[in-house]
Every structure is written in structure tokens, then in C-alpha cells.
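What follows is the content of run_18.txt (compact mmCIF, C-alpha atoms).
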```txt
# COMPACT_ATOMS: atom_id res chain seq x y z
CA MET K 1 -15.30 10.94 -5.02
CA ASN K 2 -18.36 10.92 -7.30
CA GLY K 3 -17.01 7.98 -9.28
CA LYS K 4 -14.10 10.00 -10.70
CA ALA K 5 -10.65 8.46 -10.74
CA LEU K 6 -8.19 10.19 -8.42
CA LYS K 7 -5.21 11.25 -10.52
CA SER K 8 -2.84 12.83 -7.99
CA PHE K 9 -1.88 12.81 -4.34
CA GLU K 10 -3.67 16.15 -4.03
CA ASP K 11 -6.85 14.39 -5.20
CA ILE K 12 -6.35 11.69 -2.55
CA LEU K 13 -5.97 14.28 0.22
CA ALA K 14 -9.10 16.09 -0.94
CA ALA K 15 -11.07 12.82 -0.99
CA VAL K 16 -9.94 11.91 2.53
CA LYS K 17 -10.83 15.35 3.89
CA ASP K 18 -14.35 14.94 2.47
CA LYS K 19 -14.91 11.97 4.80
CA ALA K 20 -15.15 11.71 8.57
CA PRO K 21 -11.62 11.11 9.95
CA LYS K 22 -10.72 7.45 10.41
CA ARG K 23 -8.78 6.25 13.46
CA VAL K 24 -5.28 4.85 13.12
CA ALA K 25 -3.81 2.56 15.81
CA VAL K 26 -0.02 2.97 15.96
CA ALA K 27 1.98 0.05 17.36
CA VAL K 28 4.99 1.16 19.45
CA ALA K 29 4.42 4.86 18.81
CA GLN K 30 7.51 6.28 20.56
CA ASP K 31 9.22 7.16 17.28
CA ASP K 32 10.29 10.62 16.07
CA ALA K 33 9.19 10.26 12.44
CA VAL K 34 5.89 8.61 13.37
CA LEU K 35 4.92 11.30 15.89
CA GLU K 36 5.79 14.09 13.44
CA THR K 37 3.59 12.43 10.82
CA VAL K 38 0.81 11.91 13.35
CA GLN K 39 0.82 15.62 14.10
CA GLY K 40 0.74 16.50 10.38
CA ALA K 41 -2.13 14.11 9.71
CA ARG K 42 -4.13 15.52 12.62
CA GLU K 43 -3.49 19.11 11.54
CA GLN K 44 -4.70 18.30 8.02
CA LYS K 45 -7.70 16.39 9.42
CA ILE K 46 -6.66 13.21 7.60
CA ALA K 47 -7.04 10.89 10.60
CA GLU K 48 -7.19 10.58 14.38
CA PHE K 49 -4.84 8.31 16.30
CA THR K 50 -4.54 5.88 19.17
CA LEU K 51 -0.90 5.60 20.18
CA VAL K 52 0.04 2.25 21.70
CA GLY K 53 3.41 1.94 23.45
CA ASP K 54 5.41 3.25 26.39
CA ILE K 55 3.48 6.40 27.30
CA ASP K 56 6.43 7.94 29.16
CA LYS K 57 8.68 7.52 26.10
CA ILE K 58 5.92 8.80 23.79
CA LYS K 59 5.55 11.95 25.91
CA VAL K 60 9.31 12.56 26.10
CA THR K 61 9.66 12.14 22.33
CA ALA K 62 6.66 14.35 21.62
CA ASP K 63 7.95 17.05 23.97
CA LYS K 64 11.38 16.97 22.29
CA LEU K 65 9.74 17.44 18.87
CA GLY K 66 7.15 19.99 19.96
CA VAL K 67 4.34 17.59 19.02
CA SER K 68 1.04 18.19 20.80
CA LEU K 69 -0.64 15.14 22.32
CA ASP K 70 -3.80 17.03 23.30
CA GLU K 71 -6.88 14.85 22.69
CA VAL K 72 -4.72 11.99 21.40
CA GLN K 73 -5.73 8.60 22.78
CA MET K 74 -2.90 6.57 24.28
CA VAL K 75 -2.63 2.98 25.50
CA HIS K 76 0.27 2.13 27.80
CA GLU K 77 2.10 -1.06 26.84
CA PRO K 78 5.89 -0.90 27.27
CA ASP K 79 6.51 -4.36 25.79
CA ASP K 80 6.88 -3.96 22.02
CA ARG K 81 5.37 -7.28 20.96
CA LYS K 82 2.44 -6.89 23.34
CA ALA K 83 1.95 -3.36 22.01
CA ALA K 84 1.67 -4.79 18.49
CA TYR K 85 -1.04 -7.18 19.64
CA ARG K 86 -2.87 -4.41 21.51
CA ALA K 87 -2.85 -2.20 18.38
CA VAL K 88 -4.06 -5.05 16.17
CA ASN K 89 -6.78 -5.86 18.69
CA LEU K 90 -8.02 -2.26 18.53
CA VAL K 91 -8.43 -2.61 14.76
CA SER K 92 -9.93 -6.11 14.77
CA GLY K 93 -12.30 -5.02 17.56
CA GLY K 94 -13.57 -2.03 15.58
CA GLN K 95 -12.01 0.66 17.79
CA ALA K 96 -9.66 1.72 14.97
CA ASP K 97 -9.84 1.54 11.19
CA VAL K 98 -6.17 1.38 10.15
CA LEU K 99 -3.04 -0.19 11.67
CA MET K 100 0.31 1.61 11.51
CA LYS K 101 3.82 0.45 12.28
CA GLY K 102 5.81 2.45 14.80
CA LEU K 103 9.20 1.63 16.30
CA ILE K 104 8.88 -2.13 15.83
CA ASN K 105 10.24 -4.75 13.49
CA THR K 106 7.87 -5.30 10.56
CA ALA K 107 7.92 -9.08 11.06
CA ASP K 108 6.77 -8.68 14.68
CA LEU K 109 3.91 -6.42 13.63
CA LEU K 110 2.77 -8.76 10.85
CA ARG K 111 2.94 -11.72 13.22
CA ALA K 112 0.27 -10.00 15.27
CA VAL K 113 -1.73 -9.17 12.11
CA LEU K 114 -1.77 -12.86 11.19
CA ASP K 115 -2.58 -14.14 14.69
CA LYS K 116 -5.56 -16.52 14.53
CA GLU K 117 -7.15 -15.15 17.72
CA VAL K 118 -6.92 -11.34 17.49
CA GLY K 119 -5.45 -10.79 14.03
CA LEU K 120 -6.79 -9.49 10.75
CA ARG K 121 -6.50 -12.59 8.58
CA THR K 122 -8.66 -12.89 5.48
CA GLY K 123 -7.22 -15.99 3.82
CA ARG K 124 -5.45 -13.90 1.18
CA VAL K 125 -1.69 -13.44 1.16
CA LEU K 126 -0.43 -10.11 2.52
CA SER K 127 1.24 -7.94 -0.10
CA HIS K 128 2.60 -4.44 -0.57
CA THR K 129 1.18 -2.04 -3.12
CA ALA K 130 2.95 1.23 -3.87
CA VAL K 131 1.17 4.14 -5.54
CA TYR K 132 3.23 6.63 -7.55
CA GLU K 133 2.57 10.12 -8.80
CA VAL K 134 4.96 10.25 -11.75
CA PRO K 135 5.95 13.63 -13.22
CA GLY K 136 4.39 14.06 -16.66
CA PHE K 137 2.13 11.03 -16.19
CA GLU K 138 -1.58 11.75 -16.29
CA ARG K 139 -2.70 9.06 -13.86
CA LEU K 140 -1.57 7.39 -10.66
CA LEU K 141 0.49 4.24 -11.22
CA MET K 142 0.41 1.27 -8.86
CA ILE K 143 3.19 -1.34 -8.54
CA THR K 144 3.03 -4.64 -6.68
CA ASP K 145 4.77 -6.43 -5.02
CA GLY K 146 8.15 -4.85 -4.40
CA GLY K 147 8.07 -5.11 -0.63
CA MET K 148 6.85 -8.41 0.80
CA ASN K 149 6.58 -11.53 -1.36
CA ILE K 150 9.97 -12.67 -2.64
CA ALA K 151 8.93 -15.08 -5.39
CA PRO K 152 5.14 -15.35 -5.31
CA THR K 153 3.37 -18.41 -6.69
CA LEU K 154 0.63 -18.18 -9.28
CA GLN K 155 -2.12 -18.25 -6.64
CA GLN K 156 -0.26 -15.69 -4.53
CA LYS K 157 -0.04 -13.42 -7.57
CA ALA K 158 -3.79 -13.73 -8.02
CA ASP K 159 -4.20 -12.60 -4.37
CA ILE K 160 -1.68 -9.79 -4.88
CA ILE K 161 -3.69 -8.52 -7.86
CA GLN K 162 -6.97 -8.73 -5.91
CA ASN K 163 -5.40 -6.79 -3.03
CA SER K 164 -4.30 -4.00 -5.37
CA VAL K 165 -7.66 -3.91 -7.12
CA GLN K 166 -9.31 -3.29 -3.74
CA LEU K 167 -7.15 -0.18 -3.32
CA ALA K 168 -7.72 0.90 -6.93
CA LYS K 169 -11.49 0.88 -6.35
CA VAL K 170 -11.29 3.43 -3.53
CA LEU K 171 -9.09 5.57 -5.78
CA GLY K 172 -11.98 5.59 -8.25
CA ILE K 173 -10.25 3.21 -10.67
CA SER K 174 -12.71 0.46 -11.65
CA PRO K 175 -12.31 -1.84 -13.38
CA ALA K 176 -8.55 -1.54 -12.86
CA LYS K 177 -6.37 -2.32 -15.85
CA VAL K 178 -3.69 -4.74 -14.67
CA ALA K 179 -0.52 -5.50 -16.62
CA ILE K 180 1.45 -8.61 -15.72
CA LEU K 181 5.01 -7.60 -16.50
CA ALA K 182 7.68 -9.69 -18.15
CA ALA K 183 10.69 -8.98 -20.36
CA VAL K 184 8.67 -9.67 -23.51
CA GLU K 185 5.06 -9.56 -24.66
CA VAL K 186 4.90 -13.07 -26.08
CA ILE K 187 4.60 -16.40 -24.27
CA ASN K 188 7.96 -18.14 -24.08
CA PRO K 189 8.11 -21.55 -22.35
CA ASP K 190 11.70 -20.77 -21.31
CA MET K 191 10.48 -17.70 -19.38
CA PRO K 192 8.18 -18.77 -16.50
CA ALA K 193 6.99 -15.20 -15.92
CA THR K 194 5.33 -15.19 -19.34
CA LEU K 195 3.48 -18.45 -18.63
CA GLU K 196 2.19 -17.17 -15.29
CA ALA K 197 1.14 -13.89 -16.91
CA ALA K 198 -0.95 -15.73 -19.48
CA ALA K 199 -2.51 -17.89 -16.76
CA LEU K 200 -3.42 -14.84 -14.66
CA ALA K 201 -5.02 -13.16 -17.66
CA LYS K 202 -7.14 -16.27 -18.26
CA MET K 203 -8.03 -16.47 -14.54
CA ALA K 204 -9.40 -12.93 -14.71
CA GLU K 205 -11.31 -13.76 -17.87
CA ARG K 206 -12.93 -16.69 -16.04
CA GLY K 207 -13.85 -14.57 -13.01
CA GLN K 208 -11.18 -15.90 -10.64
CA ILE K 209 -9.89 -12.34 -10.29
CA GLN K 210 -12.69 -9.80 -9.79
CA ASP K 211 -13.20 -6.19 -10.90
CA ALA K 212 -10.11 -6.06 -13.09
CA ILE K 213 -9.05 -6.33 -16.71
CA VAL K 214 -5.86 -8.36 -16.62
CA ASP K 215 -3.47 -8.92 -19.51
CA GLY K 216 0.03 -10.25 -19.95
CA PRO K 217 2.73 -10.91 -20.55
CA LEU K 218 3.47 -7.27 -21.30
CA ALA K 219 6.87 -5.60 -21.30
CA LEU K 220 6.96 -2.35 -19.32
CA ASP K 221 6.91 -0.10 -22.40
CA ASN K 222 3.85 -1.86 -23.81
CA ALA K 223 2.07 -1.64 -20.46
CA ILE K 224 2.34 2.13 -20.00
CA SER K 225 2.94 3.58 -23.50
CA ILE K 226 0.17 3.53 -26.11
CA GLU K 227 2.74 4.43 -28.78
CA ALA K 228 4.96 1.46 -27.89
CA ALA K 229 1.99 -0.92 -27.87
CA GLU K 230 0.77 0.34 -31.25
CA HIS K 231 4.27 0.11 -32.71
CA LYS K 232 4.41 -3.57 -31.74
CA GLY K 233 0.86 -4.22 -32.94
CA ILE K 234 -0.43 -5.22 -29.50
CA LYS K 235 -4.21 -5.08 -29.28
CA SER K 236 -5.32 -5.11 -25.67
CA PRO K 237 -7.53 -2.97 -23.40
CA VAL K 238 -4.60 -2.90 -20.94
CA ALA K 239 -1.65 -2.15 -23.24
CA GLY K 240 -0.51 1.43 -22.83
CA MET K 241 -3.23 2.07 -20.22
CA ALA K 242 -2.21 -0.02 -17.20
CA ASP K 243 -3.19 1.23 -13.75
CA ILE K 244 -1.49 -1.63 -11.88
CA LEU K 245 1.87 -3.18 -12.77
CA VAL K 246 2.46 -6.67 -11.35
CA THR K 247 6.14 -7.54 -11.28
CA PRO K 248 7.49 -11.11 -11.53
CA ASP K 249 9.26 -11.00 -8.16
CA ILE K 250 10.36 -8.72 -5.33
CA GLU K 251 13.62 -7.71 -7.03
CA ALA K 252 11.85 -6.41 -10.12
CA GLY K 253 9.24 -4.59 -8.04
CA ASN K 254 11.81 -3.05 -5.72
CA ILE K 255 14.09 -1.88 -8.54
CA LEU K 256 11.24 -0.50 -10.65
CA GLY K 257 9.74 1.36 -7.71
CA LYS K 258 13.01 2.90 -6.55
CA SER K 259 13.82 3.89 -10.12
CA LEU K 260 10.60 5.88 -10.22
CA VAL K 261 11.42 7.62 -6.94
CA TYR K 262 15.15 8.30 -7.33
CA ILE K 263 15.49 8.72 -11.10
CA ALA K 264 12.06 9.93 -12.23
CA ARG K 265 11.50 11.93 -8.99
CA SER K 266 8.08 10.36 -8.44
CA LYS K 267 6.10 10.72 -5.24
CA ILE K 268 5.26 7.47 -3.44
CA ALA K 269 2.81 6.12 -0.89
CA GLY K 270 2.18 2.49 0.02
CA LEU K 271 0.12 0.05 2.03
CA VAL K 272 0.25 -3.57 3.12
CA LEU K 273 -2.97 -5.13 1.84
CA GLY K 274 -4.70 -8.48 2.16
CA ALA K 275 -5.58 -8.08 5.83
CA ALA K 276 -9.11 -7.18 6.95
CA LYS K 277 -7.95 -3.56 7.32
CA PRO K 278 -5.10 -1.60 5.70
CA VAL K 279 -1.67 -1.61 7.33
CA VAL K 280 0.68 1.37 7.03
CA VAL K 281 4.30 0.15 7.05
CA THR K 282 6.69 2.95 6.17
CA SER K 283 10.47 2.93 5.88
CA ARG K 284 12.86 5.30 7.63
CA ALA K 285 14.05 6.26 4.14
CA ASP K 286 10.53 7.43 3.21
CA THR K 287 9.92 11.16 3.10
CA TYR K 288 7.49 12.89 5.44
CA GLU K 289 5.11 13.28 2.49
CA ALA K 290 5.31 9.56 1.68
CA LYS K 291 4.37 8.69 5.27
CA LEU K 292 1.54 11.24 5.31
CA MET K 293 0.15 10.02 1.99
CA SER K 294 0.33 6.39 3.11
CA ILE K 295 -1.83 7.30 6.11
CA ALA K 296 -4.21 9.17 3.80
CA MET K 297 -4.58 6.13 1.55
CA GLY K 298 -5.11 3.89 4.56
CA ALA K 299 -7.83 6.25 5.82
CA LEU K 300 -9.49 6.23 2.40
CA LEU K 301 -9.48 2.42 2.31
CA GLY K 302 -10.21 1.86 5.99
```

Can the structure in the file be given as C-alpha cells, please?
Amino acid sequence: MNGKALKSFEDILAAVKDKAPKRVAVAVAQDDAVLETVQGAREQKIAEFTLVGDIDKIKVTADKLGVSLDEVQMVHEPDDRKAAYRAVNLVSGGQADVLMKGLINTADLLRAVLDKEVGLRTGRVLSHTAVYEVPGFERLLMITDGGMNIAPTLQQKADIIQNSVQLAKVLGISPAKVAILAAVEVINPDMPATLEAAALAKMAERGQIQDAIVDGPLALDNAISIEAAEHKGIKSPVAGMADILVTPDIEAGNILGKSLVYIARSKIAGLVLGAAKPVVVTSRADTYEAKLMSIAMGALLG
């Protein structure tokens, strides 16, 4: 990457292809969308895979889709929950670099991730970070957490920021500029989100959050538009230049993220972070490209 910030999904793919392919362990791999994405990732030399699940069902599904399983490692485990643990164990044992969800409930997969014996616990809260390529925007934009933590506490928000900063670093963004979003840019005791934003900014200033410039509260316009920030007289190294947007709760993160995808026609990729290794958890509503790019980001971070 030569220290340059990656500014598009094309840049991410190029950076991944410059490295030796990482290995992705897929838990309960007998899924149409997953196997199609696996084939695409292998063809583009983004990653190699170990498919954990019911081998007979994996082969039937692959045959139906015309997906080649030549030189693909497979581990037979027909029980879904045991397959999740086997996949996690491959990653925690160093035989794979990234974990990916297949045809299994997310909660069951994350239960294995957090297992004290074979899991990937780090002591930080798990969180979801989405990366967006927004039309007309000259940099990648990251939003957290619109997928996992419903109403995170102050300490959880500090972890959520640190998780996202870890991803930003491999995207060549360091120090990451982090905006703690609220409805306004001033501290209002009647609005708890503004108080937490101010506390997080001070925590970063004191070194409790590393490798990031954190400021808040900032309204969305002041976080991403230099013109809006200047108009309101906001002087901050983050205002108008934010790389990471931290939303007050899951509703705000979910709505903001889906607005970017369905209204602004942005491209999206995402990862579950905070574990010892990245976890790819995609939705059935995600496009093929979103799944492929999520694997690419996982490979870059793994």
C-alpha cells in the first residue's frame, strides 16, 4: 500500500492482490450465495478457503451452481453448531486467517467466536464496521455500529472506535479522523449522546483511544462537509474530514447506512471486528459485490 490511503473498492482489491492470499474458514458452507462468492474470490485471487460443513450438501450445492471445488479444502461436520466451533478453531489455531459466516445463525457463530476455550476473544466488545464507497465522495467512509450493539455504553463506544481504527489503518488511513455523531454540535445535558461524544473526544486526547483523532459532538453535515463546518464556525481537525462516523445507537447506524446504499447508491462492505481475527458476516440482502468486498477487507486485515 506504500502508506497511501485506499480511496475506493478498486484500491482495496488491488491491495489484496498484492499480498499472498489469506485463508478464510467458512462455517456451514453449504449455501448458494456463499459458494458463488467463494468461487469469485478464488478466481480473483483474493483468498483461499476451507469450507466447514456437510460435505455432501456442499458438493450438491456447488454442482448445482457450477462452482468448482478443485483444490478447495473441506472439513466434514454436519452439525451446524459444531461446524461453527470447528471453523473458529481453524482460525484461533492459525490454520486460517479470517472467519466467515455460512448458512448459520449469526448468534450461533458469534457464540463460538466468544468461547473461552477455542474462541477469538480479545477483551474488547465485538462490533460491526461498514465501509462505503459513496458516489461523488473522494474517500471511503466508515460507519459504526449499525449492526451489533443496540445501545452501547461509553466504554463500549471506546472499543467500537478502536475496532474501526484497526481497520482504517490497513486501509492506509492513519491517524483516522473519527466523528462522534449527534443531532447537534454543542454539548446539551438533555441529550446524552452529546455528553458521551465529548467524553470520547477527551478519552482520545488522553490516550485512552489510540491512533485516532476523535471529536464530537458533531452533526452529520459538520462531520463530512467542510463548507457546513466553516459556515457554523466549527474549528476541528475532524470537522468536514471524518473517516469514521460513530452513531449514537444501532437505529441511527442502520438507518444512515441503508440510506447511503438505497438512496445514494453507495457500495458497501463490512466486517465484525473486536475479535482476534476479522469475521465476515454478510446478509442475504447484500449484493455479490458486497460479499466479495467484505472478504477482500477481511483478507487485508487478517

Env of Asp31 (chain K): 10 Å cut, atoms = all atoms listed in the file, seq-sep filter 4 positions within chain, self excluded. Answer as a VMD selection string.
chain K and resid 35 to 36 53 57 to 58 61 to 62 101 to 104

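Counting only C-alpha atoms, Arg124 (chain K) has the following residues at most 10 Å away, ignoring those fewer than 5 positions along the same chain: K:Gln155, K:Gln156, K:Ala158, K:Asp159, K:Ile160, K:Gln162, K:Asn163, K:Leu273, K:Gly274, K:Ala275, K:Ala276.
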
Residues at most 10 Å from region 216-226 of chain K, counting only C-alpha atoms, excluding those fewer than 6 positions away in the same chain, as a VMD selection string?
chain K and resid 137 141 177 to 188 193 to 202 232 to 234 236 238 to 247 256

Mind pulling up the distance from CA of Ala14 (chain K) to CA of Ala33 (chain K)?
23.4 Å

Between K:Ala176, K:Met142, K:Ile295, K:Val131, which one has atoms that come closest to Ile268 (chain K), using all atoms listed in the file?
K:Val131

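CA of Ala27 (chain K) is found 10.8 Å from CA of His76 (chain K).
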
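Here CA of Gln73 (chain K) stands at a distance of 6.5 Å from CA of Phe49 (chain K).
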
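For the set K:Thr287, K:Ala25, K:Asp32, K:Asn254, the residue with the smallest atom-to-atom gap to Leu99 (chain K) is K:Ala25, counting all atoms listed in the file.
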
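With all atoms listed in the file as the atoms that count, the residue of K:Ile173, K:Ala15, K:Ala151, K:Val113 with the shortest distance to Val272 (chain K) is K:Val113.
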
List the spatial neighbours of Leu110 (chain K) as a VMD selection string - criterion: any atom at most 10 Å away, only C-alpha atoms, same-chain residues fewer than 6 positions off excluded.
chain K and resid 84 to 85 88 101 119 to 120 126 272 275 279 281

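Using all atoms listed in the file, the shortest contact distance between Leu167 (chain K) and any of K:Ser259, K:Gln39, K:Thr144, K:Gln30 is found at K:Thr144.
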
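Between Val26 (chain K) and the residues K:Ile209, K:Ile143, K:Val280, K:Val134, the shortest atom-to-atom distance, using only C-alpha atoms, involves K:Val280.
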
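Residues having any atom no farther than 7 Å from (6.1, -5.6, 18.4) (counting all atoms listed in the file) are Val28, Asp80, Arg81, Lys82, Ala83, Ala84, Ile104, Asn105, Asp108 and Leu109 of chain K.
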